[in-house]
Amino acid sequence: MRPLSSPARENRLLGRVELGIGFFFAVAAGVLNPIEAAVGIVAAAVLVGGVASVARIRQYARATETARPAPTDEREESGAFPRRLAWPVGLQVVGFLVIAAVARAPGLLAGIAFGTGVALLVSSRWLERWEDANKVSLLHEPGERPLYVARPRR
């Protein structure tokens, strides 16, 4: 078994990265066509953010019901998640650039990134509140869905 990681921390970091990607594409969209950018950003952010928030929170709510005690005390080092995140986010940015160039819709892509970022931040906050309410820490093995419960470290 690999060292365990905090899904709340991972969601928070990835959410901030997605918001940064959204800002990049929002600026590009604003330069190209401000009105189309505003419509695309708002529509995509509301749609993607709403659906993704509900889906992620429901997923975590079900996972917390079946969370088992943590099988190990070993925790992932603090820099491991950003290193794991680099390639997928880099590929996402390259894909967004290609789509923006072909479809000429950077506003829509900005909205998708904003919606995803907000959904990740909302789910992170939900997980933190659940942890505070239950006075435990939620952990998971990187890349795996099942959650584990552990007493918080002091």
# chains A, B, ... in the order shown; residues from 1 in each chain; ligands from 1
$ residues_around --residues "region 125-139 of chain A" --least-positions-apart "3" --cutoff "9 Å" --atoms "only C-alpha atoms" --output "PDB file with C-alpha atoms, in the first residue's frame"
ATOM      1  CA  LEU A   4      -2.072   7.962   2.129  1.00  0.00           C
ATOM      2  CA  SER A   5      -3.031  11.465   1.020  1.00  0.00           C
ATOM      3  CA  SER A   6      -5.711  13.998   1.976  1.00  0.00           C
ATOM      4  CA  PRO A   7      -8.461  14.361  -0.663  1.00  0.00           C
ATOM      5  CA  ALA A   8      -9.437  17.763   0.808  1.00  0.00           C
ATOM      6  CA  ARG A   9      -5.920  19.094   0.276  1.00  0.00           C
ATOM      7  CA  ASN A  11      -9.084  19.112  -4.245  1.00  0.00           C
ATOM      8  CA  ARG A  12      -8.077  22.513  -2.861  1.00  0.00           C
ATOM      9  CA  ILE A  57     -20.186  16.021  -3.088  1.00  0.00           C
ATOM     10  CA  TYR A  60     -17.759  11.950  -1.265  1.00  0.00           C
ATOM     11  CA  ALA A  61     -20.915  11.657   0.845  1.00  0.00           C
ATOM     12  CA  THR A  64     -17.656   8.801   3.854  1.00  0.00           C
ATOM     13  CA  ALA A  67     -14.904   4.835   5.104  1.00  0.00           C
ATOM     14  CA  ALA A  70      -6.691   3.806   7.829  1.00  0.00           C
ATOM     15  CA  ARG A  75       1.407   9.769   4.876  1.00  0.00           C
ATOM     16  CA  LEU A 120     -13.117  21.216  -6.567  1.00  0.00           C
ATOM     17  CA  LEU A 121     -12.916  24.031  -4.020  1.00  0.00           C
ATOM     18  CA  VAL A 122     -16.507  23.421  -2.886  1.00  0.00           C
ATOM     19  CA  PRO A 146     -12.042   4.397  -1.156  1.00  0.00           C
ATOM     20  CA  LEU A 147     -11.650   6.745   1.798  1.00  0.00           C
ATOM     21  CA  TYR A 148     -10.020   5.924   5.092  1.00  0.00           C
ATOM     22  CA  VAL A 149     -10.590   7.547   8.461  1.00  0.00           C
ATOM     23  CA  ALA A 150      -7.688   8.461  10.706  1.00  0.00           C
ATOM     24  CA  ARG A 151      -7.280  10.479  13.862  1.00  0.00           C
ATOM     25  CA  PRO A 152      -5.823  13.888  12.999  1.00  0.00           C
ATOM     26  CA  ARG A 153      -2.154  14.425  13.722  1.00  0.00           C
TER      27      ARG A 153
END
$ select_by_dssp --residues "chain A" --states "strand (DSSP E)" --output "list in words"
Arg68, Pro69, Ser137, Leu138, Leu139, His140, Leu147, Tyr148, Val149 and Ala150 of chain A
$ write_last_selection --atoms "N, CA and C atoms" --output "PDB file, in the first residue's frame"
ATOM      1  N   ARG A  68     -13.339   3.233   5.987  1.00  0.00           N
ATOM      2  CA  ARG A  68     -12.781   2.287   6.959  1.00  0.00           C
ATOM      3  C   ARG A  68     -11.612   2.954   7.686  1.00  0.00           C
ATOM      4  N   PRO A  69     -11.187   2.385   8.803  1.00  0.00           N
ATOM      5  CA  PRO A  69      -9.992   2.933   9.464  1.00  0.00           C
ATOM      6  C   PRO A  69      -8.768   2.809   8.559  1.00  0.00           C
ATOM      7  N   SER A 137      -9.641  12.693  10.247  1.00  0.00           N
ATOM      8  CA  SER A 137      -9.084  13.079   8.954  1.00  0.00           C
ATOM      9  C   SER A 137      -9.488  12.033   7.926  1.00  0.00           C
ATOM     10  N   LEU A 138      -9.839  12.495   6.749  1.00  0.00           N
ATOM     11  CA  LEU A 138     -10.123  11.577   5.648  1.00  0.00           C
ATOM     12  C   LEU A 138      -8.877  11.454   4.792  1.00  0.00           C
ATOM     13  N   LEU A 139      -8.563  10.234   4.421  1.00  0.00           N
ATOM     14  CA  LEU A 139      -7.386   9.958   3.600  1.00  0.00           C
ATOM     15  C   LEU A 139      -7.777   8.981   2.504  1.00  0.00           C
ATOM     16  N   HIS A 140      -6.963   8.927   1.486  1.00  0.00           N
ATOM     17  CA  HIS A 140      -7.147   7.913   0.454  1.00  0.00           C
ATOM     18  C   HIS A 140      -5.794   7.595  -0.149  1.00  0.00           C
ATOM     19  N   LEU A 147     -12.175   5.832   0.784  1.00  0.00           N
ATOM     20  CA  LEU A 147     -11.650   6.745   1.798  1.00  0.00           C
ATOM     21  C   LEU A 147     -11.359   5.979   3.074  1.00  0.00           C
ATOM     22  N   TYR A 148     -10.381   6.478   3.801  1.00  0.00           N
ATOM     23  CA  TYR A 148     -10.020   5.924   5.092  1.00  0.00           C
ATOM     24  C   TYR A 148     -10.134   7.024   6.136  1.00  0.00           C
ATOM     25  N   VAL A 149     -10.463   6.620   7.344  1.00  0.00           N
ATOM     26  CA  VAL A 149     -10.590   7.547   8.461  1.00  0.00           C
ATOM     27  C   VAL A 149      -9.395   7.374   9.370  1.00  0.00           C
ATOM     28  N   ALA A 150      -8.816   8.498   9.786  1.00  0.00           N
ATOM     29  CA  ALA A 150      -7.688   8.461  10.706  1.00  0.00           C
ATOM     30  C   ALA A 150      -7.843   9.597  11.703  1.00  0.00           C
TER      31      ALA A 150
END
$ closest_residue --among "A:Arg84, A:Val51, A:Ile99, A:Gly111" --to "Leu13 (chain A)" --atoms "only C-alpha atoms"
A:Arg84
$ residues_around --residues "Val48 (chain A)" --least-positions-apart "5" --cutoff "8 Å" --atoms "only C-alpha atoms" --output "ChimeraX atom specification"
/A:111-112,115-116
$ write_last_selection --atoms "N, CA and C atoms" --output "tab-separated table (two decimals), in the first residue's frame"
chain	number	residue	atom	x	y	z
A	111	GLY	N	-14.68	29.05	-18.97
A	111	GLY	CA	-15.82	28.71	-18.13
A	111	GLY	C	-15.76	27.29	-17.61
A	112	ILE	N	-15.33	26.37	-18.46
A	112	ILE	CA	-15.17	24.98	-18.03
A	112	ILE	C	-14.13	24.88	-16.92
A	115	GLY	N	-15.59	26.49	-13.74
A	115	GLY	CA	-16.58	25.61	-13.12
A	115	GLY	C	-15.95	24.43	-12.43
A	116	THR	N	-14.95	23.85	-13.08
A	116	THR	CA	-14.24	22.72	-12.47
A	116	THR	C	-13.50	23.16	-11.22
$ atom_distance --atom1 "CA of Leu14 (chain A)" --atom2 "CA of Glu74 (chain A)"
22.5 Å
$ atom_distance --atom1 "CA of Pro142 (chain A)" --atom2 "CA of Ile21 (chain A)"
23.1 Å
$ residues_around --residues "Gly49 (chain A)" --least-positions-apart "4" --cutoff "8 Å" --atoms "only C-alpha atoms" --output "ChimeraX atom specification"
/A:44-45,53,112,114-119
$ select_by_dssp --residues "region 10-115 of chain A" --states "helix (DSSP H, G or I)" --output "short mmCIF file (atom, residue, chain, number, x, y, z; two decimals) with N, CA and C atoms, in the first residue's frame"
data_model
loop_
_atom_site.label_atom_id
_atom_site.label_comp_id
_atom_site.auth_asym_id
_atom_site.auth_seq_id
_atom_site.Cartn_x
_atom_site.Cartn_y
_atom_site.Cartn_z
N GLU A 10 -5.88 17.81 -1.78
CA GLU A 10 -5.73 17.62 -3.22
C GLU A 10 -6.77 18.41 -4.00
N ASN A 11 -8.03 18.36 -3.57
CA ASN A 11 -9.08 19.11 -4.24
C ASN A 11 -8.83 20.62 -4.17
N ARG A 12 -8.35 21.08 -3.02
CA ARG A 12 -8.08 22.51 -2.86
C ARG A 12 -6.98 22.97 -3.82
N LEU A 13 -5.90 22.22 -3.89
CA LEU A 13 -4.79 22.59 -4.78
C LEU A 13 -5.20 22.51 -6.25
N LEU A 14 -5.84 21.44 -6.64
CA LEU A 14 -6.26 21.29 -8.03
C LEU A 14 -7.30 22.34 -8.40
N GLY A 15 -8.19 22.69 -7.47
CA GLY A 15 -9.17 23.73 -7.71
C GLY A 15 -8.52 25.07 -7.99
N ARG A 16 -7.49 25.40 -7.23
CA ARG A 16 -6.77 26.65 -7.47
C ARG A 16 -6.05 26.64 -8.81
N VAL A 17 -5.49 25.51 -9.18
CA VAL A 17 -4.82 25.40 -10.48
C VAL A 17 -5.84 25.58 -11.60
N GLU A 18 -7.01 24.96 -11.48
CA GLU A 18 -8.05 25.09 -12.50
C GLU A 18 -8.51 26.54 -12.61
N LEU A 19 -8.63 27.24 -11.49
CA LEU A 19 -9.01 28.66 -11.55
C LEU A 19 -7.95 29.47 -12.28
N GLY A 20 -6.68 29.14 -12.05
CA GLY A 20 -5.60 29.82 -12.77
C GLY A 20 -5.69 29.59 -14.27
N ILE A 21 -5.98 28.36 -14.66
CA ILE A 21 -6.15 28.04 -16.08
C ILE A 21 -7.35 28.83 -16.64
N GLY A 22 -8.41 28.89 -15.85
CA GLY A 22 -9.59 29.65 -16.28
C GLY A 22 -9.27 31.13 -16.49
N PHE A 23 -8.49 31.72 -15.58
CA PHE A 23 -8.12 33.13 -15.74
C PHE A 23 -7.29 33.35 -17.00
N PHE A 24 -6.38 32.44 -17.27
CA PHE A 24 -5.56 32.55 -18.49
C PHE A 24 -6.44 32.58 -19.73
N PHE A 25 -7.36 31.63 -19.82
CA PHE A 25 -8.22 31.57 -21.00
C PHE A 25 -9.25 32.69 -21.01
N ALA A 26 -9.66 33.19 -19.85
CA ALA A 26 -10.59 34.32 -19.80
C ALA A 26 -9.93 35.58 -20.36
N VAL A 27 -8.67 35.79 -20.03
CA VAL A 27 -7.96 36.94 -20.58
C VAL A 27 -7.83 36.81 -22.09
N ALA A 28 -7.47 35.63 -22.56
CA ALA A 28 -7.36 35.42 -24.01
C ALA A 28 -8.72 35.63 -24.68
N ALA A 29 -9.77 35.15 -24.07
CA ALA A 29 -11.10 35.31 -24.65
C ALA A 29 -11.53 36.78 -24.65
N GLY A 30 -11.22 37.49 -23.59
CA GLY A 30 -11.57 38.90 -23.51
C GLY A 30 -10.88 39.74 -24.56
N VAL A 31 -9.67 39.37 -24.91
CA VAL A 31 -8.93 40.09 -25.95
C VAL A 31 -9.55 39.82 -27.32
N LEU A 32 -9.95 38.58 -27.56
CA LEU A 32 -10.47 38.22 -28.88
C LEU A 32 -11.89 38.73 -29.11
N PRO A 34 -14.84 40.15 -26.32
CA PRO A 34 -15.32 40.27 -24.95
C PRO A 34 -16.75 39.80 -24.71
N ILE A 35 -17.65 40.07 -25.62
CA ILE A 35 -19.06 39.68 -25.40
C ILE A 35 -19.20 38.16 -25.47
N GLU A 36 -18.61 37.55 -26.50
CA GLU A 36 -18.65 36.09 -26.62
C GLU A 36 -17.95 35.44 -25.43
N ALA A 37 -16.87 36.06 -24.96
CA ALA A 37 -16.14 35.53 -23.80
C ALA A 37 -17.01 35.54 -22.56
N ALA A 38 -17.70 36.64 -22.32
CA ALA A 38 -18.54 36.73 -21.12
C ALA A 38 -19.65 35.69 -21.14
N VAL A 39 -20.30 35.54 -22.28
CA VAL A 39 -21.38 34.56 -22.40
C VAL A 39 -20.83 33.14 -22.20
N GLY A 40 -19.74 32.83 -22.87
CA GLY A 40 -19.15 31.49 -22.75
C GLY A 40 -18.67 31.19 -21.34
N ILE A 41 -18.03 32.16 -20.71
CA ILE A 41 -17.53 31.94 -19.36
C ILE A 41 -18.66 31.70 -18.39
N VAL A 42 -19.67 32.56 -18.41
CA VAL A 42 -20.78 32.44 -17.46
C VAL A 42 -21.55 31.15 -17.70
N ALA A 43 -21.90 30.88 -18.95
CA ALA A 43 -22.70 29.68 -19.25
C ALA A 43 -21.96 28.40 -18.86
N ALA A 44 -20.72 28.28 -19.27
CA ALA A 44 -19.97 27.06 -18.98
C ALA A 44 -19.65 26.93 -17.49
N ALA A 45 -19.30 28.03 -16.85
CA ALA A 45 -18.96 27.97 -15.42
C ALA A 45 -20.16 27.54 -14.59
N VAL A 46 -21.31 28.10 -14.89
CA VAL A 46 -22.52 27.75 -14.13
C VAL A 46 -22.90 26.30 -14.38
N LEU A 47 -22.90 25.90 -15.62
CA LEU A 47 -23.30 24.53 -15.95
C LEU A 47 -22.31 23.51 -15.40
N VAL A 48 -21.05 23.66 -15.74
CA VAL A 48 -20.03 22.69 -15.31
C VAL A 48 -19.86 22.74 -13.79
N GLY A 49 -19.79 23.94 -13.23
CA GLY A 49 -19.60 24.07 -11.78
C GLY A 49 -20.74 23.46 -10.98
N GLY A 50 -21.96 23.73 -11.42
CA GLY A 50 -23.11 23.18 -10.69
C GLY A 50 -23.18 21.68 -10.75
N VAL A 51 -23.05 21.14 -11.95
CA VAL A 51 -23.14 19.68 -12.11
C VAL A 51 -21.98 18.98 -11.40
N ALA A 52 -20.78 19.50 -11.59
CA ALA A 52 -19.60 18.85 -10.98
C ALA A 52 -19.64 18.95 -9.46
N SER A 53 -20.11 20.08 -8.92
CA SER A 53 -20.18 20.22 -7.45
C SER A 53 -21.12 19.19 -6.86
N VAL A 54 -22.31 19.08 -7.43
CA VAL A 54 -23.28 18.12 -6.92
C VAL A 54 -22.74 16.70 -7.05
N ALA A 55 -22.16 16.37 -8.19
CA ALA A 55 -21.65 15.02 -8.42
C ALA A 55 -20.52 14.68 -7.45
N ARG A 56 -19.57 15.60 -7.26
CA ARG A 56 -18.43 15.31 -6.37
C ARG A 56 -18.87 15.21 -4.92
N ILE A 57 -19.75 16.08 -4.48
CA ILE A 57 -20.19 16.02 -3.09
C ILE A 57 -20.99 14.75 -2.84
N ARG A 58 -21.82 14.36 -3.78
CA ARG A 58 -22.56 13.09 -3.62
C ARG A 58 -21.59 11.91 -3.57
N GLN A 59 -20.56 11.95 -4.43
CA GLN A 59 -19.56 10.88 -4.44
C GLN A 59 -18.85 10.81 -3.09
N TYR A 60 -18.44 11.94 -2.56
CA TYR A 60 -17.76 11.95 -1.26
C TYR A 60 -18.70 11.60 -0.12
N ALA A 61 -19.95 12.00 -0.21
CA ALA A 61 -20.91 11.66 0.84
C ALA A 61 -21.08 10.14 0.92
N ARG A 62 -21.19 9.49 -0.24
CA ARG A 62 -21.29 8.02 -0.24
C ARG A 62 -20.00 7.38 0.28
N ALA A 63 -18.87 7.95 -0.11
CA ALA A 63 -17.58 7.38 0.31
C ALA A 63 -17.36 7.53 1.81
N THR A 64 -17.84 8.62 2.40
CA THR A 64 -17.66 8.80 3.85
C THR A 64 -18.50 7.82 4.65
N GLU A 65 -19.62 7.38 4.08
CA GLU A 65 -20.46 6.40 4.77
C GLU A 65 -19.78 5.05 4.90
N ALA A 80 4.44 15.59 -3.10
CA ALA A 80 4.15 14.49 -4.01
C ALA A 80 2.95 14.78 -4.91
N PHE A 81 1.90 15.37 -4.37
CA PHE A 81 0.71 15.64 -5.19
C PHE A 81 0.99 16.66 -6.29
N PRO A 82 1.65 17.78 -6.00
CA PRO A 82 1.97 18.70 -7.11
C PRO A 82 2.81 18.04 -8.21
N ARG A 83 3.70 17.13 -7.85
CA ARG A 83 4.49 16.43 -8.88
C ARG A 83 3.60 15.50 -9.70
N ARG A 84 2.66 14.80 -9.05
CA ARG A 84 1.73 13.93 -9.77
C ARG A 84 0.79 14.75 -10.65
N LEU A 85 0.53 15.96 -10.25
CA LEU A 85 -0.42 16.83 -10.94
C LEU A 85 0.16 17.46 -12.20
N ALA A 86 1.46 17.59 -12.29
CA ALA A 86 2.10 18.37 -13.36
C ALA A 86 1.75 17.85 -14.76
N TRP A 87 1.91 16.57 -15.01
CA TRP A 87 1.66 16.04 -16.36
C TRP A 87 0.19 16.13 -16.76
N PRO A 88 -0.75 15.69 -15.94
CA PRO A 88 -2.15 15.79 -16.36
C PRO A 88 -2.61 17.23 -16.60
N VAL A 89 -2.18 18.14 -15.75
CA VAL A 89 -2.57 19.54 -15.94
C VAL A 89 -1.89 20.12 -17.18
N GLY A 90 -0.64 19.76 -17.41
CA GLY A 90 0.05 20.21 -18.61
C GLY A 90 -0.64 19.72 -19.86
N LEU A 91 -1.06 18.46 -19.87
CA LEU A 91 -1.80 17.92 -21.02
C LEU A 91 -3.15 18.61 -21.19
N GLN A 92 -3.80 18.93 -20.07
CA GLN A 92 -5.07 19.65 -20.15
C GLN A 92 -4.88 21.02 -20.79
N VAL A 93 -3.85 21.74 -20.38
CA VAL A 93 -3.59 23.07 -20.94
C VAL A 93 -3.29 22.96 -22.43
N VAL A 94 -2.48 22.00 -22.82
CA VAL A 94 -2.17 21.81 -24.25
C VAL A 94 -3.46 21.48 -25.01
N GLY A 95 -4.27 20.60 -24.46
CA GLY A 95 -5.55 20.26 -25.10
C GLY A 95 -6.46 21.48 -25.22
N PHE A 96 -6.54 22.27 -24.16
CA PHE A 96 -7.35 23.49 -24.20
C PHE A 96 -6.83 24.46 -25.25
N LEU A 97 -5.50 24.59 -25.36
CA LEU A 97 -4.92 25.48 -26.37
C LEU A 97 -5.29 25.02 -27.78
N VAL A 98 -5.21 23.72 -28.02
CA VAL A 98 -5.56 23.19 -29.33
C VAL A 98 -7.04 23.43 -29.62
N ILE A 99 -7.90 23.14 -28.67
CA ILE A 99 -9.33 23.34 -28.87
C ILE A 99 -9.65 24.83 -29.07
N ALA A 100 -9.00 25.68 -28.27
CA ALA A 100 -9.23 27.12 -28.42
C ALA A 100 -8.79 27.61 -29.78
N ALA A 101 -7.71 27.07 -30.31
CA ALA A 101 -7.23 27.48 -31.63
C ALA A 101 -8.15 26.99 -32.73
N VAL A 102 -8.63 25.77 -32.61
CA VAL A 102 -9.47 25.18 -33.65
C VAL A 102 -10.90 25.74 -33.58
N ALA A 103 -11.48 25.74 -32.39
CA ALA A 103 -12.88 26.14 -32.23
C ALA A 103 -13.05 27.64 -32.01
N PRO A 106 -12.17 30.35 -26.58
CA PRO A 106 -11.46 30.32 -25.30
C PRO A 106 -12.35 30.69 -24.13
N GLY A 107 -13.42 31.45 -24.37
CA GLY A 107 -14.34 31.80 -23.28
C GLY A 107 -15.04 30.57 -22.73
N LEU A 108 -15.45 29.70 -23.61
CA LEU A 108 -16.09 28.45 -23.19
C LEU A 108 -15.12 27.59 -22.38
N LEU A 109 -13.87 27.51 -22.82
CA LEU A 109 -12.87 26.73 -22.09
C LEU A 109 -12.55 27.37 -20.75
N ALA A 110 -12.53 28.70 -20.71
CA ALA A 110 -12.33 29.40 -19.43
C ALA A 110 -13.45 29.06 -18.47
N GLY A 111 -14.68 29.05 -18.97
CA GLY A 111 -15.82 28.71 -18.13
C GLY A 111 -15.76 27.29 -17.61
N ILE A 112 -15.33 26.37 -18.46
CA ILE A 112 -15.17 24.98 -18.03
C ILE A 112 -14.13 24.88 -16.92
N ALA A 113 -13.01 25.57 -17.10
CA ALA A 113 -11.96 25.55 -16.07
C ALA A 113 -12.45 26.21 -14.78
N PHE A 114 -13.14 27.34 -14.91
CA PHE A 114 -13.69 28.01 -13.72
C PHE A 114 -14.68 27.11 -12.99
N GLY A 115 -15.59 26.49 -13.74
CA GLY A 115 -16.58 25.61 -13.12
C GLY A 115 -15.95 24.43 -12.43
#
